[in-house]
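Okay, run_27.cif now, which holds mmCIF, C-alpha atoms:
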```
data_data
#
loop_
_atom_site.label_atom_id
_atom_site.label_comp_id
_atom_site.auth_asym_id
_atom_site.auth_seq_id
_atom_site.Cartn_x
_atom_site.Cartn_y
_atom_site.Cartn_z
CA MET A 1 -3.09 15.03 -39.09
CA ILE A 2 -1.92 18.61 -39.08
CA CYS A 3 0.06 20.39 -36.34
CA ALA A 4 -3.00 22.14 -34.91
CA GLU A 5 -4.65 18.76 -34.34
CA ILE A 6 -1.50 17.28 -32.83
CA VAL A 7 -1.31 20.05 -30.24
CA ARG A 8 -4.75 19.08 -28.94
CA VAL A 9 -3.80 15.44 -28.40
CA LEU A 10 -0.23 15.87 -27.16
CA ASP A 11 -1.11 14.88 -23.62
CA PRO A 12 -3.21 11.79 -24.30
CA PHE A 13 -0.53 10.80 -26.79
CA VAL A 14 2.37 10.90 -24.32
CA ASP A 15 0.12 9.30 -21.70
CA GLY A 16 -0.74 6.41 -24.00
CA GLU A 17 -4.43 7.27 -23.84
CA LEU A 18 -5.13 7.57 -27.56
CA GLU A 19 -6.88 4.80 -29.43
CA ALA A 20 -4.58 2.84 -31.75
CA GLU A 21 -5.57 4.58 -34.97
CA ARG A 22 -5.02 8.13 -33.76
CA ASP A 23 -1.90 7.08 -31.91
CA ALA A 24 -0.46 5.79 -35.18
CA ALA A 25 -1.46 9.01 -36.95
CA VAL A 26 0.40 11.10 -34.34
CA ARG A 27 3.42 8.84 -34.67
CA ASP A 28 3.43 9.31 -38.45
CA HIS A 29 3.17 13.06 -38.05
CA ILE A 30 5.97 13.49 -35.50
CA ALA A 31 8.25 11.29 -37.57
CA ALA A 32 8.12 14.03 -40.19
CA CYS A 33 7.53 17.18 -38.11
CA THR A 34 10.37 18.44 -35.90
CA THR A 35 8.25 21.01 -34.08
CA CYS A 36 5.67 18.49 -32.91
CA ALA A 37 8.39 15.92 -32.15
CA GLN A 38 10.02 18.48 -29.88
CA ALA A 39 6.74 19.20 -28.13
CA VAL A 40 6.35 15.47 -27.42
CA ALA A 41 9.96 15.20 -26.28
CA ALA A 42 9.53 18.16 -23.90
CA ARG A 43 6.55 16.50 -22.24
CA GLU A 44 8.34 13.21 -21.95
CA HIS A 45 11.36 14.91 -20.44
CA LEU A 46 9.12 16.73 -17.98
CA GLY A 47 7.57 13.41 -16.98
CA ARG A 48 11.02 11.94 -16.30
CA LEU A 49 11.94 14.93 -14.15
CA VAL A 50 8.72 14.72 -12.14
CA ARG A 51 9.27 11.01 -11.58
CA ALA A 52 12.84 11.74 -10.43
CA THR A 53 11.55 13.93 -7.60
CA ARG A 54 11.42 12.42 -4.20
CA TYR A 55 8.68 9.86 -3.49
CA TYR A 56 7.15 10.55 -0.11
CA SER A 57 7.13 7.23 1.71
CA THR A 58 4.55 6.49 4.35
CA PRO A 59 6.03 7.00 7.83
CA ASP A 60 6.17 3.73 9.82
CA ARG A 61 4.19 5.37 12.61
CA LEU A 62 1.26 6.08 10.31
CA ARG A 63 1.41 2.59 8.85
CA ALA A 64 1.26 1.09 12.34
CA VAL A 65 -1.63 3.34 13.43
CA VAL A 66 -3.69 2.45 10.38
CA ALA A 67 -3.00 -1.29 10.62
CA THR A 68 -3.91 -1.26 14.33
CA GLY A 69 -7.06 0.72 13.59
CA ALA A 70 -8.13 -1.87 11.03
CA ARG A 71 -7.53 -4.65 13.53
CA ARG A 72 -9.38 -2.84 16.33
CA SER A 73 -12.39 -2.17 14.19
CA SER A 74 -12.62 -5.87 13.36
CA ILE A 75 -12.45 -6.77 17.06
CA ALA A 76 -15.03 -4.08 17.88
CA SER A 77 -17.43 -5.40 15.26
CA ARG A 78 -16.97 -8.94 16.52
CA VAL A 79 -17.66 -7.80 20.09
CA ALA A 80 -20.78 -6.08 18.79
CA VAL A 81 -21.92 -9.26 17.09
CA TRP A 82 -21.29 -11.21 20.26
CA SER A 83 -23.19 -8.69 22.37
CA ALA A 84 -26.13 -8.82 19.98
CA ALA A 85 -26.03 -12.61 20.03
CA ALA A 86 -25.85 -12.60 23.83
CA ALA A 87 -28.80 -10.23 24.14
CA LEU A 88 -30.83 -12.42 21.84
CA ILE A 89 -29.96 -15.52 23.79
CA VAL A 90 -30.87 -13.83 27.08
CA ALA A 91 -34.25 -12.98 25.61
CA VAL A 92 -34.82 -16.51 24.37
CA ALA A 93 -33.23 -18.72 26.98
CA GLY A 94 -31.00 -17.73 29.88
CA GLY A 95 -29.49 -21.15 30.12
CA ALA A 96 -28.21 -21.12 26.59
CA LEU A 97 -26.29 -17.92 27.30
CA ILE A 98 -24.37 -19.54 30.09
CA ALA A 99 -23.55 -22.52 27.92
CA ARG A 100 -22.36 -20.31 25.08
CA THR A 101 -20.31 -18.11 27.36
CA ILE A 102 -18.56 -21.15 28.76
CA VAL A 103 -17.81 -22.46 25.29
CA HIS A 104 -16.57 -19.03 24.23
CA ASN A 105 -14.30 -18.72 27.26
CA LEU A 106 -12.90 -22.19 26.82
CA ARG A 107 -12.01 -21.42 23.25
CA ALA A 108 -10.71 -17.93 23.91
CA PRO A 109 -7.00 -18.70 24.43
CA ALA A 110 -6.55 -20.57 21.14
CA ASN A 111 -8.64 -17.93 19.37
CA ALA A 112 -6.51 -15.16 20.83
CA VAL A 113 -3.34 -16.84 19.57
CA ALA A 114 -4.93 -17.38 16.16
CA GLU A 115 -5.86 -13.68 16.07
CA ASP A 116 -2.32 -12.78 17.03
CA VAL A 117 -0.65 -14.89 14.37
CA VAL A 118 -2.99 -13.53 11.69
CA SER A 119 -2.20 -9.97 12.76
CA ASP A 120 1.52 -10.76 12.71
CA HIS A 121 1.11 -12.27 9.26
CA VAL A 122 -0.64 -9.14 7.96
CA ARG A 123 1.89 -6.87 9.63
CA SER A 124 4.82 -8.78 8.15
CA LEU A 125 3.38 -8.23 4.68
CA LEU A 126 2.29 -4.63 5.15
CA ALA A 127 5.34 -3.37 6.97
CA ASP A 128 7.47 -5.16 4.42
CA HIS A 129 9.29 -6.86 7.27
CA LEU A 130 9.08 -10.42 6.13
CA PHE A 131 12.67 -11.40 6.75
CA ASP A 132 15.45 -10.90 9.23
CA VAL A 133 17.34 -13.62 7.43
CA ARG A 134 16.64 -14.10 3.77
CA SER A 135 17.72 -17.46 2.46
CA THR A 136 16.33 -20.49 0.77
CA ASP A 137 18.86 -22.65 2.58
CA GLN A 138 17.56 -24.32 5.71
CA HIS A 139 21.15 -24.66 6.93
CA THR A 140 21.46 -20.88 6.91
CA VAL A 141 18.06 -20.12 8.41
CA LYS A 142 18.18 -22.57 11.30
CA PRO A 143 21.53 -21.43 12.77
CA TRP A 144 20.42 -17.82 12.43
CA PHE A 145 17.98 -18.35 15.31
CA LEU A 146 20.76 -19.61 17.59
CA GLY A 147 21.29 -17.24 20.49
CA LYS A 148 18.16 -15.31 19.57
CA LEU A 149 15.75 -17.89 20.97
CA ASN A 150 16.18 -20.39 23.77
CA TYR A 151 15.06 -23.21 21.51
CA ALA A 152 15.93 -24.42 18.04
CA PRO A 153 12.96 -24.35 15.68
CA PRO A 154 12.93 -27.19 13.16
CA VAL A 155 13.58 -25.75 9.71
CA THR A 156 12.67 -27.79 6.66
CA ASP A 157 12.79 -26.64 3.07
CA LEU A 158 9.83 -27.82 1.01
CA ALA A 159 10.99 -26.49 -2.37
CA ALA A 160 10.63 -29.97 -3.86
CA ASP A 161 6.98 -29.95 -2.78
CA GLY A 162 6.27 -26.54 -4.24
CA PHE A 163 6.58 -24.65 -0.94
CA PRO A 164 10.10 -23.17 -1.04
CA LEU A 165 11.51 -21.75 2.18
CA VAL A 166 12.43 -18.11 1.59
CA GLY A 167 13.61 -16.88 4.97
CA GLY A 168 12.88 -16.29 8.62
CA ARG A 169 12.56 -13.62 11.25
CA LEU A 170 11.95 -13.13 14.94
CA ASP A 171 8.37 -12.28 15.77
CA TYR A 172 6.32 -11.74 18.88
CA VAL A 173 3.20 -13.79 19.61
CA SER A 174 1.19 -13.95 22.85
CA GLY A 175 3.89 -12.27 24.86
CA ARG A 176 6.87 -14.26 23.69
CA ASN A 177 9.55 -14.16 21.05
CA VAL A 178 8.95 -16.80 18.43
CA ALA A 179 10.52 -18.02 15.24
CA ALA A 180 8.65 -17.12 12.08
CA LEU A 181 9.61 -19.12 9.01
CA VAL A 182 8.54 -17.81 5.66
CA TYR A 183 7.51 -20.07 2.81
CA GLN A 184 6.22 -19.26 -0.62
CA ARG A 185 3.59 -20.91 -2.76
CA GLN A 186 3.64 -19.18 -6.14
CA LYS A 187 2.75 -15.58 -5.23
CA HIS A 188 1.38 -16.49 -1.81
CA THR A 189 3.29 -16.13 1.42
CA ILE A 190 3.01 -18.57 4.30
CA ASN A 191 4.16 -17.55 7.74
CA LEU A 192 4.95 -20.49 9.99
CA PHE A 193 5.24 -19.53 13.65
CA VAL A 194 7.06 -22.01 15.87
CA TRP A 195 7.62 -22.17 19.61
CA PRO A 196 7.83 -24.84 22.32
CA SER A 197 4.35 -26.04 23.23
CA ASP A 198 3.09 -25.64 26.75
CA ASP A 199 1.91 -28.67 28.66
CA GLY A 200 -1.72 -29.38 28.10
CA SER A 201 -2.23 -26.81 25.36
CA SER A 202 -4.98 -27.88 23.03
CA VAL A 203 -4.87 -27.94 19.26
CA ALA A 204 -7.10 -25.46 17.49
CA PRO A 205 -8.96 -26.74 14.43
CA PRO A 206 -8.15 -25.17 11.05
CA SER A 207 -9.94 -21.86 10.80
CA SER A 208 -10.41 -18.83 8.62
CA ILE A 209 -9.80 -15.44 10.21
CA ARG A 210 -10.36 -12.26 8.22
CA GLY A 211 -9.94 -14.35 5.09
CA PHE A 212 -6.62 -15.88 6.09
CA GLN A 213 -6.36 -19.61 6.60
CA VAL A 214 -4.89 -20.77 9.88
CA GLU A 215 -3.62 -24.24 10.75
CA HIS A 216 -2.34 -25.23 14.15
CA TRP A 217 -0.57 -28.39 15.19
CA ILE A 218 1.77 -29.69 17.85
CA ARG A 219 4.64 -32.03 17.08
CA ASP A 220 7.77 -33.09 18.93
CA GLY A 221 7.12 -30.62 21.73
CA MET A 222 6.74 -27.67 19.37
CA THR A 223 3.59 -25.78 18.55
CA PHE A 224 3.14 -24.65 14.94
CA TRP A 225 0.83 -22.02 13.53
CA ALA A 226 0.69 -21.63 9.76
CA VAL A 227 -1.04 -18.55 8.30
CA SER A 228 -1.58 -17.73 4.66
CA ASP A 229 -3.97 -16.37 2.10
CA LEU A 230 -3.75 -19.74 0.37
CA ASN A 231 -6.95 -21.72 0.25
CA ALA A 232 -7.63 -24.18 3.04
CA ALA A 233 -6.77 -27.23 0.94
CA GLU A 234 -3.37 -25.89 -0.08
CA LEU A 235 -2.46 -24.78 3.41
CA HIS A 236 -3.43 -28.20 4.65
CA GLU A 237 -1.21 -29.73 2.01
CA PHE A 238 1.63 -27.55 3.30
CA ARG A 239 1.04 -28.89 6.79
CA THR A 240 0.91 -32.47 5.54
CA ARG A 241 4.21 -32.11 3.66
CA LEU A 242 5.85 -30.53 6.66
CA THR A 243 4.75 -33.18 9.11
CA ARG A 244 5.38 -36.09 6.79
CA MET B 1 -17.97 -5.65 6.66
CA SER B 2 -14.99 -7.53 8.00
CA SER B 3 -11.62 -5.89 8.27
CA ARG B 4 -9.82 -8.63 6.46
CA ARG B 5 -10.94 -7.33 3.12
CA PHE B 6 -10.05 -3.86 4.26
CA ASP B 7 -6.54 -5.05 5.15
CA GLU B 8 -6.13 -6.69 1.78
CA THR B 9 -7.94 -4.21 -0.40
CA VAL B 10 -7.12 -0.81 0.97
CA LEU B 11 -3.93 -0.98 3.03
CA PRO B 12 -1.71 -1.95 0.07
CA HIS B 13 -2.45 1.52 -1.32
CA LEU B 14 -1.29 3.38 1.77
CA GLU B 15 1.94 4.42 0.02
CA ALA B 16 0.07 6.06 -2.84
CA ALA B 17 -2.36 7.64 -0.37
CA PHE B 18 0.43 9.20 1.64
CA ASN B 19 2.43 10.41 -1.34
CA TYR B 20 -0.69 12.01 -2.77
CA ALA B 21 -1.63 13.58 0.57
CA ARG B 22 1.91 14.88 1.01
CA TRP B 23 1.77 16.60 -2.37
CA LEU B 24 -1.65 18.05 -1.61
CA THR B 25 -0.73 19.34 1.84
CA ARG B 26 2.97 20.04 1.18
CA ASN B 27 3.53 19.20 4.81
CA ASP B 28 4.52 15.91 6.53
CA VAL B 29 2.43 16.28 9.67
CA GLU B 30 -0.66 17.41 7.85
CA ALA B 31 -0.30 14.63 5.30
CA GLU B 32 -0.26 12.06 8.12
CA ASP B 33 -3.40 13.58 9.65
CA VAL B 34 -5.18 13.61 6.32
CA VAL B 35 -4.33 9.97 5.59
CA GLN B 36 -5.38 8.92 9.07
CA ASP B 37 -8.72 10.71 8.67
CA ALA B 38 -9.11 9.13 5.27
CA CYS B 39 -8.46 5.63 6.58
CA VAL B 40 -11.05 6.07 9.30
CA ARG B 41 -13.56 7.18 6.68
CA ALA B 42 -12.50 4.42 4.33
CA MET B 43 -13.09 1.83 7.05
CA ARG B 44 -16.52 3.27 7.70
CA PHE B 45 -17.50 3.37 4.04
CA PHE B 46 -15.73 0.20 3.05
CA GLY B 47 -19.05 -1.53 2.52
CA SER B 48 -19.84 0.91 -0.28
CA LEU B 49 -16.76 -0.12 -2.29
CA ARG B 50 -18.07 -2.44 -4.99
CA ASP B 51 -16.04 -3.47 -7.98
CA GLU B 52 -14.30 -0.15 -8.30
CA ASP B 53 -10.60 0.42 -8.29
CA ALA B 54 -9.71 0.46 -4.57
CA ARG B 55 -6.66 2.65 -5.09
CA ALA B 56 -8.61 5.41 -6.85
CA TRP B 57 -11.39 5.01 -4.30
CA LEU B 58 -8.99 5.49 -1.37
CA LEU B 59 -7.30 8.50 -2.98
CA ALA B 60 -10.69 10.10 -3.61
CA ILE B 61 -11.32 9.79 0.13
CA VAL B 62 -7.89 11.27 0.87
CA ARG B 63 -8.81 14.19 -1.36
CA ASN B 64 -12.16 14.69 0.42
CA SER B 65 -10.47 14.56 3.81
CA TRP B 66 -8.01 17.20 2.74
CA TYR B 67 -10.67 19.49 1.33
CA THR B 68 -12.70 19.11 4.51
CA ARG B 69 -9.73 20.22 6.57
CA VAL B 70 -8.74 23.05 4.27
CA GLY B 71 -12.34 24.21 4.11
CA ARG B 72 -12.55 24.29 7.86
CA ARG B 73 -9.43 26.39 8.20
CA GLY B 74 -9.30 28.31 4.95
CA PRO B 75 -6.69 27.76 2.27
CA ALA B 76 -4.88 31.02 3.06
CA THR B 77 -2.92 29.42 5.89
CA GLN B 78 -1.37 26.81 3.64
CA SER B 79 2.35 26.98 3.91
CA ILE B 80 4.76 26.23 1.12
CA PRO B 81 7.81 24.73 2.79
CA MET B 82 10.98 24.20 0.82
CA ASP B 83 12.06 20.65 0.51
CA GLU B 84 15.75 20.07 0.99
CA THR B 85 15.75 16.34 0.44
CA VAL B 86 14.57 16.79 -3.11
CA HIS B 87 17.91 15.62 -4.49
CA ASP B 88 17.53 12.12 -3.08
CA ALA B 89 16.03 10.47 -6.09
CA ILE B 90 18.48 11.51 -8.78
CA ASP B 91 19.38 8.97 -11.38
CA GLN B 92 22.71 7.61 -10.15
CA ALA B 93 23.60 6.20 -13.54
CA LEU B 94 24.41 9.63 -15.01
CA ASP B 95 27.96 10.96 -15.08
CA PRO B 96 28.72 13.57 -12.39
CA GLU B 97 28.25 16.60 -14.62
CA ALA B 98 24.97 15.35 -16.05
CA GLN B 99 23.88 14.42 -12.52
CA LEU B 100 24.46 17.97 -11.32
CA LEU B 101 22.49 19.34 -14.24
CA GLN B 102 19.68 16.89 -13.65
CA GLN B 103 19.70 17.56 -9.90
CA ASP B 104 19.22 21.19 -10.64
CA GLU B 105 16.40 20.46 -13.07
CA VAL B 106 14.69 18.02 -10.73
CA ALA B 107 14.92 20.51 -7.88
CA ARG B 108 13.39 23.16 -10.09
CA VAL B 109 10.58 20.92 -11.28
CA HIS B 110 9.85 19.89 -7.70
CA GLU B 111 9.64 23.50 -6.67
CA ALA B 112 7.53 24.43 -9.69
CA LEU B 113 5.17 21.53 -8.98
CA GLU B 114 4.78 22.62 -5.36
CA GLN B 115 3.88 26.11 -6.53
CA LEU B 116 1.17 24.93 -8.92
CA PRO B 117 -2.43 25.32 -7.78
CA ALA B 118 -3.70 22.12 -6.17
CA ASP B 119 -6.00 21.27 -9.10
CA PHE B 120 -3.03 21.18 -11.47
CA ARG B 121 -0.57 19.75 -8.96
CA GLU B 122 -2.68 16.71 -8.20
CA VAL B 123 -3.22 15.61 -11.80
CA ILE B 124 0.54 15.71 -12.43
CA VAL B 125 1.26 13.71 -9.27
CA LEU B 126 -1.42 11.13 -10.06
CA ARG B 127 -0.38 10.77 -13.68
CA GLU B 128 3.41 11.03 -13.60
CA ILE B 129 4.29 9.76 -10.13
CA GLU B 130 1.52 7.27 -9.44
CA GLY B 131 0.97 6.28 -13.08
CA PHE B 132 -2.83 6.57 -12.91
CA SER B 133 -4.85 6.29 -16.11
CA TYR B 134 -7.14 9.17 -17.07
CA LYS B 135 -10.09 7.07 -15.92
CA GLU B 136 -8.55 6.55 -12.49
CA ILE B 137 -7.68 10.23 -12.14
CA ALA B 138 -11.27 11.06 -13.10
CA THR B 139 -12.45 8.81 -10.26
CA VAL B 140 -10.15 10.48 -7.74
CA ILE B 141 -10.96 14.08 -8.64
CA LYS B 142 -14.59 13.33 -9.54
CA ALA B 143 -14.41 15.04 -12.91
CA PRO B 144 -14.98 13.92 -16.50
CA ILE B 145 -12.05 12.51 -18.46
CA GLY B 146 -12.07 15.58 -20.70
CA THR B 147 -11.39 17.75 -17.66
CA VAL B 148 -8.54 15.45 -16.59
CA MET B 149 -7.01 15.85 -20.04
CA SER B 150 -7.26 19.63 -20.15
CA ARG B 151 -5.97 20.03 -16.59
CA LEU B 152 -2.99 17.83 -17.34
CA SER B 153 -2.30 19.80 -20.48
CA ARG B 154 -2.45 23.14 -18.71
CA ALA B 155 -0.44 21.86 -15.75
CA ARG B 156 2.29 20.65 -18.08
CA GLU B 157 2.33 23.93 -19.99
CA ARG B 158 2.81 25.78 -16.72
CA LEU B 159 5.59 23.49 -15.57
CA LEU B 160 7.37 23.71 -18.91
CA ALA B 161 7.10 27.48 -18.79
CA ALA B 162 8.51 27.54 -15.27
CA LEU B 163 11.43 25.38 -16.37
CA ALA B 164 12.32 27.37 -19.48
CA PRO B 165 15.21 29.65 -18.45
CA ALA B 166 13.89 32.74 -20.25
CA SER B 167 10.44 32.66 -18.68
CA ARG B 168 12.02 31.96 -15.30
CA MET B 169 13.69 35.35 -15.49
CA GLU B 170 10.41 37.02 -16.34
CA ASN B 171 8.61 35.23 -13.55
CA ALA B 172 11.27 36.15 -11.03
CA ARG B 173 9.81 39.67 -10.71
#
```
Show the structure stored in the file as structure tokens.
Amino acid sequence: MICAEIVRVLDPFVDGELEAERDAAVRDHIAACTTCAQAVAAREHLGRLVRATRYYSTPDRLRAVVATGARRSSIASRVAVWSAAAALIVAVAGGALIARTIVHNLRAPANAVAEDVVSDHVRSLLADHLFDVRSTDQHTVKPWFLGKLNYAPPVTDLAADGFPLVGGRLDYVSGRNVAALVYQRQKHTINLFVWPSDDGSSVAPPSSIRGFQVEHWIRDGMTFWAVSDLNAAELHEFRTRLTR
Amino acid sequence: MSSRRFDETVLPHLEAAFNYARWLTRNDVEAEDVVQDACVRAMRFFGSLRDEDARAWLLAIVRNSWYTRVGRRGPATQSIPMDETVHDAIDQALDPEAQLLQQDEVARVHEALEQLPADFREVIVLREIEGFSYKEIATVIKAPIGTVMSRLSRARERLLAALAPASRMENAR
């Protein structure tokens, strides 16, 4: 290649966009030609300078607005589906509507909590606020909650089972402060929300909300909600190991 | 379309969307407005996102949102604020003297980049700061790859000229 040709491909060359053969040809040329080597170096230097300029981070306010908007739109669409379903049922059989409404209302509290924990899970990942205390040691994580909550959440490391504990934080679910324990399964994050169970609260069956798996159980007076993008089987395995 | 896929697919690219919008608008408040508009649109059109690159798709919407706003108001009112926090990202590993030199250079390149016309400015930001491939940039700016290449080339020539001390004097008027 001659200099005039090099000039035309300087940019795709420094951007790594040339196919292998031409890339090698440019490399051969600049190894021998100081002028073209300098032109490449100038572009590379410019790139470093541009990358050293300030990166404009998303303001937290905007992040919150957008995340809330996404959540609202999902609720709105679900309400729309319900309204459509209700209208249909009215048209077909009035009695069925009443039955469905009752079922829906009975299930609402557990559903609302499940919605809440999924939203908290998403927020913890998006806002990059996964941990208040970052530790793989259960003896560090458990005492951290002392004085921050009026109960002591059970903290168990499951590293030996492939679910290492990575930390914890305070979170807010259904109007109360709760402990959120964070576990990892390969690249997946599991949020485990723990708080004392109320008398007579029912256990929600495993469910899938917006693509996240949710498991709920009650044990030793504590209610547990596990949320993750793991598949249902793996999240269930997590629960099994934890309650073993 | 459920919002769970929106959460997972689009929201992880909010950082890139804001940085891009901030460079387009050169203004914090306006950048926030543009990104918010874009997210509303993105939610509405989310169903039309097939197997494409979600990041490029979102940034293309950011770009449309900005052009819609600018078009409504006219580009003449665009302000070019100076940015005083430009020194924040300097490589701390350099010795003090080299750091000062680099700070000066980075500040100058930041200023030069802000002064570039939007068409040139955006390809530099997408390529150098966000690390987009030519194909991704082509998706964002809705232009052929050849255009991406020539814009990048011209944008770099302009920046290099602005940074060369001799031509700076000439340009100072």
| request: Evaluate the PyMOL selection byres ((chain A) within 9 of (chain B)) on the structure here and hand back the selected residues as a ChimeraX atom specification. | output: /A:8-12,15-17,42-43,46-59,62-63,65-67,69-75,77-78,122,126,209-212
| d(atom CA of Pro196 of chain A, atom CA of Ser208 of chain A) in Å |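 Atom CA of Ser208 of chain A lies 23.6 Å from atom CA of Pro196 of chain A.
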| message | I'd like the residues picked by the PyMOL selection byres ((chain A and resi 159-176) around 9) written out as a PyMOL selection string, using the chain letters and numbers from the file. | response | chain A and resi 112-113+116-117+120+129-138+141-142+144-145+148-149+155-158+177-186+190-191+193+195+238+241
Let's have the selection written as a PDB file, in the coordinates of the input, with C-alpha atoms.
```pdb
ATOM      1  CA  ALA A 112      -6.510 -15.160  20.830  1.00  0.00           C
ATOM      2  CA  VAL A 113      -3.340 -16.840  19.570  1.00  0.00           C
ATOM      3  CA  ASP A 116      -2.320 -12.780  17.030  1.00  0.00           C
ATOM      4  CA  VAL A 117      -0.650 -14.890  14.370  1.00  0.00           C
ATOM      5  CA  ASP A 120       1.520 -10.760  12.710  1.00  0.00           C
ATOM      6  CA  HIS A 129       9.290  -6.860   7.270  1.00  0.00           C
ATOM      7  CA  LEU A 130       9.080 -10.420   6.130  1.00  0.00           C
ATOM      8  CA  PHE A 131      12.670 -11.400   6.750  1.00  0.00           C
ATOM      9  CA  ASP A 132      15.450 -10.900   9.230  1.00  0.00           C
ATOM     10  CA  VAL A 133      17.340 -13.620   7.430  1.00  0.00           C
ATOM     11  CA  ARG A 134      16.640 -14.100   3.770  1.00  0.00           C
ATOM     12  CA  SER A 135      17.720 -17.460   2.460  1.00  0.00           C
ATOM     13  CA  THR A 136      16.330 -20.490   0.770  1.00  0.00           C
ATOM     14  CA  ASP A 137      18.860 -22.650   2.580  1.00  0.00           C
ATOM     15  CA  GLN A 138      17.560 -24.320   5.710  1.00  0.00           C
ATOM     16  CA  VAL A 141      18.060 -20.120   8.410  1.00  0.00           C
ATOM     17  CA  LYS A 142      18.180 -22.570  11.300  1.00  0.00           C
ATOM     18  CA  TRP A 144      20.420 -17.820  12.430  1.00  0.00           C
ATOM     19  CA  PHE A 145      17.980 -18.350  15.310  1.00  0.00           C
ATOM     20  CA  LYS A 148      18.160 -15.310  19.570  1.00  0.00           C
ATOM     21  CA  LEU A 149      15.750 -17.890  20.970  1.00  0.00           C
ATOM     22  CA  VAL A 155      13.580 -25.750   9.710  1.00  0.00           C
ATOM     23  CA  THR A 156      12.670 -27.790   6.660  1.00  0.00           C
ATOM     24  CA  ASP A 157      12.790 -26.640   3.070  1.00  0.00           C
ATOM     25  CA  LEU A 158       9.830 -27.820   1.010  1.00  0.00           C
ATOM     26  CA  ASN A 177       9.550 -14.160  21.050  1.00  0.00           C
ATOM     27  CA  VAL A 178       8.950 -16.800  18.430  1.00  0.00           C
ATOM     28  CA  ALA A 179      10.520 -18.020  15.240  1.00  0.00           C
ATOM     29  CA  ALA A 180       8.650 -17.120  12.080  1.00  0.00           C
ATOM     30  CA  LEU A 181       9.610 -19.120   9.010  1.00  0.00           C
ATOM     31  CA  VAL A 182       8.540 -17.810   5.660  1.00  0.00           C
ATOM     32  CA  TYR A 183       7.510 -20.070   2.810  1.00  0.00           C
ATOM     33  CA  GLN A 184       6.220 -19.260  -0.620  1.00  0.00           C
ATOM     34  CA  ARG A 185       3.590 -20.910  -2.760  1.00  0.00           C
ATOM     35  CA  GLN A 186       3.640 -19.180  -6.140  1.00  0.00           C
ATOM     36  CA  ILE A 190       3.010 -18.570   4.300  1.00  0.00           C
ATOM     37  CA  ASN A 191       4.160 -17.550   7.740  1.00  0.00           C
ATOM     38  CA  PHE A 193       5.240 -19.530  13.650  1.00  0.00           C
ATOM     39  CA  TRP A 195       7.620 -22.170  19.610  1.00  0.00           C
ATOM     40  CA  PHE A 238       1.630 -27.550   3.300  1.00  0.00           C
ATOM     41  CA  ARG A 241       4.210 -32.110   3.660  1.00  0.00           C
TER      42      ARG A 241
END
```
| request: Measuring atom to atom with all atoms listed in the file, identify which of A:His188, A:Cys33, A:Asp23, A:Ala152 is nearest to Asp220 of chain A. | output: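 Residue with the minimum atom-to-atom distance to Asp220 of chain A: A:Ala152.
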Give, as lines of an AutoDock Vina configuration file, the centre coordinates and the x, y and z edge lengths in Å to one decimal for an axis-aligned box around all listed atoms of segment 34-51 of chain A, padded by 4 Å on each side.
```
center_x = 8.8
center_y = 16.0
center_z = -23.7
size_x = 14.3
size_y = 18.0
size_z = 32.3
```
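Take atom CA of Leu58 of chain B and atom CA of Ala38 of chain B: the distance between them is 7.6 Å.
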| said: Taking (-1.7, 16.7, -37.5) in the coordinates of the supplied file, I want to know which residues reach to within 9 Å of it, counting all atoms listed in the file; could you give the answer as a PyMOL selection string? | reply: chain A and resi 1-7+25-26+29-30+36
| request: Would you mind listing what lies within 10 Å of Trp57 of chain B as a PyMOL selection string, with all atoms listed in the file counted and same-chain residues fewer than 6 positions away left out? | output: chain B and resi 10+42+46+49+63+136+139-140
| request: Would you mind reading off the distance between atom CA of Pro205 of chain A and atom CA of Ala114 of chain A, one decimal, in Å? | output: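 Computing it gives 10.3 Å between the two atoms.
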